[in-house]
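Visitor: My questions all concern the structure below.
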Amino acid sequence: MLLVLVGLLAVLAALWWTPGPAPGPAPALDTDPAPVQAHPLRPGELQGEVAPVAEEAPSWRREGVVLPPDSPFHAVGPPPGKGLIRGRVAPPTWGTWPRRIDVFLERQDDGVEVGRWQPTSAEPDFRFEDVPYGHYRLRMEAGDFEPVRMLLTLSPASPDLYVPLPLRPAARVAGRVLRRDGAPVEGLTVTVIPKRATPEMPAVPSTGVTDELGRFVVSGLPPGAFLVHPGPPHHPVGPARELRLGTGEEWVELRVPRLGAAVVELEDLDHGGFAGLRVQALRVGHGAADPGYSVSLPADEDGSVEFRHLPPGEYAFTAYGGAFQRVIRRGRVPPDGTVRVHVPVRRRDQRGR
């Protein structure tokens with residue numbers, strides 16, 4: 001037994017001290033190895049296996065793309081070649097919802113209807129999905145309200161268009177303004193204001209401007225009683241007329257008394273231009289029919305300001321602006337004539353004087 005144990009130990013010792021194969025020549029090094037592509041692990045990926053990875057942002061997501069803040073395309077992107085046209089019908093604060101509203105989406109080139117929506121007071125929104133890119137016409141019809149037409153372009157740069165559609169009543173006031181001799185008055189403001197204001201219909205004036213034939217149109221008015229006068233909202237230059245509007249058009253002819261004009265010529269003492277400078281024409285003096293008549297206009301590039309259609313009388317012409325000293329000159333506006341007023345202006349110093 002002792003001899004067997006000694007033999008086993010001898011065999012193990014021989015195996016331990018047996019030398020390995022002689023080393024061969026070292027392999028030649030590649031002086032220009034191929035580049036190694038790095039593949040960093042993605043979240044959720046383990047060594048030796050590939051975890052599913054979300055697709056990269058679509059190619060349309062680039063600078064210059066316009067999306068509303070609540071656009072669903074912020075997260076997923078639109079389908080290739082398609083987008084979204086949506087919006088809301090916005091009634092006026094005083095208005096009642098019409099019995100029926102139809103919103104149509106049509107192609108511009110051939111007028112083919114792409115979709116139709118019927119918003120209600122409970123659901124005023126409309127939405128056209130998966131619309132191919134192209135040029136479209138959005139059209140709204142709403143009974144006694146003015147029809148709305150809007151031209152839209154859906155493209156990769158604007159794949160989500162949000163369009164509010166205002167409900168504007170179809171009633172309007174049209175007419176003309178004449179002098180006492182029958183000559184038309186051009187460029188005069190005409191004011192239409194509700195006669196009786198209520199919380200549902202506040203007394204907010206609407207205005208128009210006469211053309212070269214003295215004609216004007218003021219649209220988007222609700223049914224009811226109105227006063228129409230020539231001149232700005234708070235300074236009429238002629239007698240007012242009362243009208244009662246339904247859902248159509250009412251015609252009115254207005255007459256104005258003899259009016260005058262004023263041309264204010266500004267002199268820039270600092271030679272820095274007239275940017276930000278305005279001139280106010282304020283009627284002053286006792287006994288005037290409207291001593292508080294006032295109008296303000298910005299100065300032209302050459303420093304000229306023209307006031308047309310001023311009631312005759314004594315005026316204070318004030319040149320003012322953030323960077324300018326306040327200067328006042330007086331002048332009398334004659335009936336059917338023009339007064340010229342020279343006003344020198346300069347800028348304030350650093351102390352604001």
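Just remember, in the structure tokens the first chain shown is A, the second B, etc., residues are 1-based per chain, and ligands are 1-based in the order shown.
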Env of Pro312 (chain A): 9 Å cut, atoms = only C-alpha atoms, seq-sep filter 2 positions within chain, self excluded. Answer as a list in words.

Guide: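 Final neighbour list, sorted by chain and number: Arg258, Leu259, Gly260, Ala261, Arg283, His309, Leu310, Glu314, Tyr315, Arg332, Val333, Pro334, Pro335, Asp336 and Gly337 of chain A.
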
Visitor: Could those residues be written to a file, using C-alpha atoms, as a PDB file, in the first residue's frame?

Guide:
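Output file selection-v8.pdb follows:
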```
ATOM      1  CA  ARG A 258     -68.699 123.179 -43.820  1.00  0.00           C
ATOM      2  CA  LEU A 259     -65.417 121.693 -42.596  1.00  0.00           C
ATOM      3  CA  GLY A 260     -61.846 122.844 -42.748  1.00  0.00           C
ATOM      4  CA  ALA A 261     -58.368 121.326 -42.711  1.00  0.00           C
ATOM      5  CA  ARG A 283     -60.362 122.489 -30.569  1.00  0.00           C
ATOM      6  CA  HIS A 309     -62.421 117.341 -41.977  1.00  0.00           C
ATOM      7  CA  LEU A 310     -61.935 119.541 -38.909  1.00  0.00           C
ATOM      8  CA  GLU A 314     -59.519 127.781 -32.902  1.00  0.00           C
ATOM      9  CA  TYR A 315     -57.140 124.851 -32.373  1.00  0.00           C
ATOM     10  CA  ARG A 332     -57.582 128.910 -36.662  1.00  0.00           C
ATOM     11  CA  VAL A 333     -59.222 126.432 -39.051  1.00  0.00           C
ATOM     12  CA  PRO A 334     -61.432 128.290 -41.569  1.00  0.00           C
ATOM     13  CA  PRO A 335     -64.583 126.816 -43.145  1.00  0.00           C
ATOM     14  CA  ASP A 336     -63.766 125.196 -46.493  1.00  0.00           C
ATOM     15  CA  GLY A 337     -60.136 126.248 -46.060  1.00  0.00           C
TER      16      GLY A 337
END
```

Visitor: Give me, as a tab-separated table, the closest atom pair and its distance (Å, one decimal) for every residue of region 200-268 of chain A within a cut-off of 10 Å of region 159-174 of chain A, counting only C-alpha atoms, rows sorted by chain and rising number.

Guide:
```
residue	atom	partner	partner_atom	distance
A:Gly208	CA	A:Ala174	CA	9.5
A:Arg215	CA	A:Ala174	CA	7.5
A:Phe216	CA	A:Ala174	CA	5.7
A:Val217	CA	A:Ala174	CA	4.4
A:Val218	CA	A:Val173	CA	5.2
A:Ser219	CA	A:Arg172	CA	4.1
A:Gly220	CA	A:Pro169	CA	4.9
A:Leu221	CA	A:Ala171	CA	5.2
A:Pro222	CA	A:Pro169	CA	5.7
A:Pro223	CA	A:Ala171	CA	6.8
A:Gly224	CA	A:Ala171	CA	9.7
A:Phe226	CA	A:Val173	CA	9.6
A:Val228	CA	A:Val173	CA	8.7
A:Leu243	CA	A:Val173	CA	8.7
A:Arg244	CA	A:Val173	CA	9.9
A:Leu245	CA	A:Ala171	CA	6.7
A:Gly246	CA	A:Ala171	CA	6.4
A:Thr247	CA	A:Ala171	CA	4.6
A:Gly248	CA	A:Ala171	CA	4.6
A:Glu249	CA	A:Arg172	CA	4.9
A:Glu250	CA	A:Val173	CA	5.0
A:Trp251	CA	A:Ala174	CA	4.9
A:Val252	CA	A:Ala174	CA	6.4
A:Glu253	CA	A:Ala174	CA	8.6
```

Visitor: Produce a file of the selected residues containing N, CA and C atoms, as an mmCIF file, in the first residue's frame.

Guide:
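File produced: again_31.cif:
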```cif
data_model
loop_
_atom_site.group_PDB
_atom_site.id
_atom_site.type_symbol
_atom_site.label_atom_id
_atom_site.label_comp_id
_atom_site.auth_asym_id
_atom_site.auth_seq_id
_atom_site.Cartn_x
_atom_site.Cartn_y
_atom_site.Cartn_z
ATOM 1 N N GLY A 208 -66.175 102.908 -40.133
ATOM 2 C CA GLY A 208 -65.759 102.741 -41.519
ATOM 3 C C GLY A 208 -65.206 104.057 -42.026
ATOM 4 N N ARG A 215 -68.667 106.891 -50.201
ATOM 5 C CA ARG A 215 -69.386 105.692 -49.778
ATOM 6 C C ARG A 215 -68.654 104.997 -48.637
ATOM 7 N N PHE A 216 -69.402 104.301 -47.810
ATOM 8 C CA PHE A 216 -68.822 103.551 -46.698
ATOM 9 C C PHE A 216 -69.683 102.314 -46.429
ATOM 10 N N VAL A 217 -69.073 101.348 -45.763
ATOM 11 C CA VAL A 217 -69.766 100.138 -45.320
ATOM 12 C C VAL A 217 -69.221 99.771 -43.952
ATOM 13 N N VAL A 218 -70.121 99.521 -43.009
ATOM 14 C CA VAL A 218 -69.758 99.019 -41.682
ATOM 15 C C VAL A 218 -70.524 97.711 -41.486
ATOM 16 N N SER A 219 -69.806 96.594 -41.425
ATOM 17 C CA SER A 219 -70.442 95.282 -41.382
ATOM 18 C C SER A 219 -70.185 94.612 -40.034
ATOM 19 N N GLY A 220 -70.757 93.406 -39.899
ATOM 20 C CA GLY A 220 -70.586 92.639 -38.676
ATOM 21 C C GLY A 220 -71.371 93.172 -37.509
ATOM 22 N N LEU A 221 -72.570 93.693 -37.766
ATOM 23 C CA LEU A 221 -73.376 94.311 -36.706
ATOM 24 C C LEU A 221 -74.523 93.396 -36.300
ATOM 25 N N PRO A 222 -74.849 93.366 -35.010
ATOM 26 C CA PRO A 222 -75.992 92.563 -34.560
ATOM 27 C C PRO A 222 -77.308 93.288 -34.832
ATOM 28 N N PRO A 223 -78.419 92.599 -34.843
ATOM 29 C CA PRO A 223 -79.707 93.280 -34.978
ATOM 30 C C PRO A 223 -79.961 94.215 -33.799
ATOM 31 N N GLY A 224 -80.670 95.311 -34.080
ATOM 32 C CA GLY A 224 -80.991 96.253 -33.015
ATOM 33 C C GLY A 224 -80.987 97.680 -33.507
ATOM 34 N N PHE A 226 -79.427 101.508 -33.760
ATOM 35 C CA PHE A 226 -78.099 102.103 -33.819
ATOM 36 C C PHE A 226 -78.208 103.588 -34.148
ATOM 37 N N VAL A 228 -75.939 106.434 -36.196
ATOM 38 C CA VAL A 228 -74.874 106.555 -37.190
ATOM 39 C C VAL A 228 -74.547 108.031 -37.345
ATOM 40 N N LEU A 243 -81.004 104.121 -36.897
ATOM 41 C CA LEU A 243 -81.374 103.000 -37.763
ATOM 42 C C LEU A 243 -81.730 101.804 -36.903
ATOM 43 N N ARG A 244 -82.597 100.959 -37.431
ATOM 44 C CA ARG A 244 -82.894 99.674 -36.794
ATOM 45 C C ARG A 244 -82.495 98.570 -37.768
ATOM 46 N N LEU A 245 -81.568 97.749 -37.333
ATOM 47 C CA LEU A 245 -81.030 96.703 -38.185
ATOM 48 C C LEU A 245 -81.719 95.374 -37.922
ATOM 49 N N GLY A 246 -81.946 94.643 -39.015
ATOM 50 C CA GLY A 246 -82.397 93.265 -38.912
ATOM 51 C C GLY A 246 -81.230 92.335 -39.188
ATOM 52 N N THR A 247 -81.363 91.543 -40.234
ATOM 53 C CA THR A 247 -80.281 90.632 -40.620
ATOM 54 C C THR A 247 -79.690 90.992 -41.973
ATOM 55 N N GLY A 248 -80.129 92.119 -42.554
ATOM 56 C CA GLY A 248 -79.636 92.507 -43.868
ATOM 57 C C GLY A 248 -78.855 93.804 -43.819
ATOM 58 N N GLU A 249 -79.041 94.630 -44.856
ATOM 59 C CA GLU A 249 -78.314 95.886 -44.991
ATOM 60 C C GLU A 249 -79.281 97.056 -44.915
ATOM 61 N N GLU A 250 -78.842 98.107 -44.223
ATOM 62 C CA GLU A 250 -79.591 99.359 -44.172
ATOM 63 C C GLU A 250 -78.741 100.464 -44.791
ATOM 64 N N TRP A 251 -79.397 101.297 -45.621
ATOM 65 C CA TRP A 251 -78.714 102.376 -46.329
ATOM 66 C C TRP A 251 -79.025 103.704 -45.651
ATOM 67 N N VAL A 252 -77.991 104.565 -45.550
ATOM 68 C CA VAL A 252 -78.184 105.855 -44.919
ATOM 69 C C VAL A 252 -77.330 106.883 -45.642
ATOM 70 N N GLU A 253 -77.881 108.084 -45.785
ATOM 71 C CA GLU A 253 -77.126 109.192 -46.364
ATOM 72 C C GLU A 253 -76.924 110.250 -45.292
#
```

Visitor: Can you tell me, as a PyMOL selection string, what residues are no more than 8 Å from Lys195 (chain A) when counting only C-alpha atoms, ignoring any on the same chain fewer than 2 positions away?

Guide: chain A and resi 193+197+203+225-227

Visitor: In terms of the shortest atom-to-atom distance over only C-alpha atoms, which of A:Leu138, A:Leu154, A:Ala316, A:Leu178 is closest to Val65 (chain A)?

Guide: A:Leu154

Visitor: Please give the complete set of residues from region 277-325 of chain A that DSSP, run on the backbone, assigns to strand (DSSP E or B), formatted as a VMD selection string.

Guide: chain A and resid 278 to 284 294 to 298 304 to 310 313 to 321 324 to 325

Visitor: Filtering to C-alpha atoms, could you give me those residues as a PDB file, in the first residue's frame?

Guide:
```
ATOM      1  CA  ARG A 278     -47.289 112.639 -33.051  1.00  0.00           C
ATOM      2  CA  VAL A 279     -49.395 115.774 -33.386  1.00  0.00           C
ATOM      3  CA  GLN A 280     -52.718 116.409 -31.680  1.00  0.00           C
ATOM      4  CA  ALA A 281     -55.297 118.883 -32.955  1.00  0.00           C
ATOM      5  CA  LEU A 282     -57.496 120.074 -30.046  1.00  0.00           C
ATOM      6  CA  ARG A 283     -60.362 122.489 -30.569  1.00  0.00           C
ATOM      7  CA  VAL A 284     -60.355 125.237 -27.956  1.00  0.00           C
ATOM      8  CA  SER A 294     -59.624 116.165 -30.677  1.00  0.00           C
ATOM      9  CA  VAL A 295     -57.721 113.999 -33.130  1.00  0.00           C
ATOM     10  CA  SER A 296     -54.129 112.730 -33.104  1.00  0.00           C
ATOM     11  CA  LEU A 297     -51.980 111.545 -36.027  1.00  0.00           C
ATOM     12  CA  PRO A 298     -48.381 110.313 -36.408  1.00  0.00           C
ATOM     13  CA  SER A 304     -45.796 116.734 -42.258  1.00  0.00           C
ATOM     14  CA  VAL A 305     -49.157 115.996 -40.616  1.00  0.00           C
ATOM     15  CA  GLU A 306     -52.449 116.659 -42.419  1.00  0.00           C
ATOM     16  CA  PHE A 307     -55.759 116.937 -40.566  1.00  0.00           C
ATOM     17  CA  ARG A 308     -58.778 116.668 -42.830  1.00  0.00           C
ATOM     18  CA  HIS A 309     -62.421 117.341 -41.977  1.00  0.00           C
ATOM     19  CA  LEU A 310     -61.935 119.541 -38.909  1.00  0.00           C
ATOM     20  CA  GLY A 313     -62.580 127.088 -35.022  1.00  0.00           C
ATOM     21  CA  GLU A 314     -59.519 127.781 -32.902  1.00  0.00           C
ATOM     22  CA  TYR A 315     -57.140 124.851 -32.373  1.00  0.00           C
ATOM     23  CA  ALA A 316     -54.102 124.010 -30.282  1.00  0.00           C
ATOM     24  CA  PHE A 317     -51.645 121.823 -32.232  1.00  0.00           C
ATOM     25  CA  THR A 318     -49.370 119.850 -29.899  1.00  0.00           C
ATOM     26  CA  ALA A 319     -46.293 117.954 -31.064  1.00  0.00           C
ATOM     27  CA  TYR A 320     -45.273 115.264 -28.590  1.00  0.00           C
ATOM     28  CA  GLY A 321     -43.433 111.937 -28.307  1.00  0.00           C
ATOM     29  CA  PHE A 324     -39.280 114.940 -27.909  1.00  0.00           C
ATOM     30  CA  GLN A 325     -40.055 118.033 -25.940  1.00  0.00           C
TER      31      GLN A 325
END
```

Visitor: Do a neighbour search on region 86-89 of chain A at 12 Å with only C-alpha atoms, toss out local chain neighbours closer than 3 positions, and write the hits as a ChimeraX atom specification.

Guide: /A:68,70-72,83,92,97-98,100-105,115-131,138-142,148,152,154,159-168
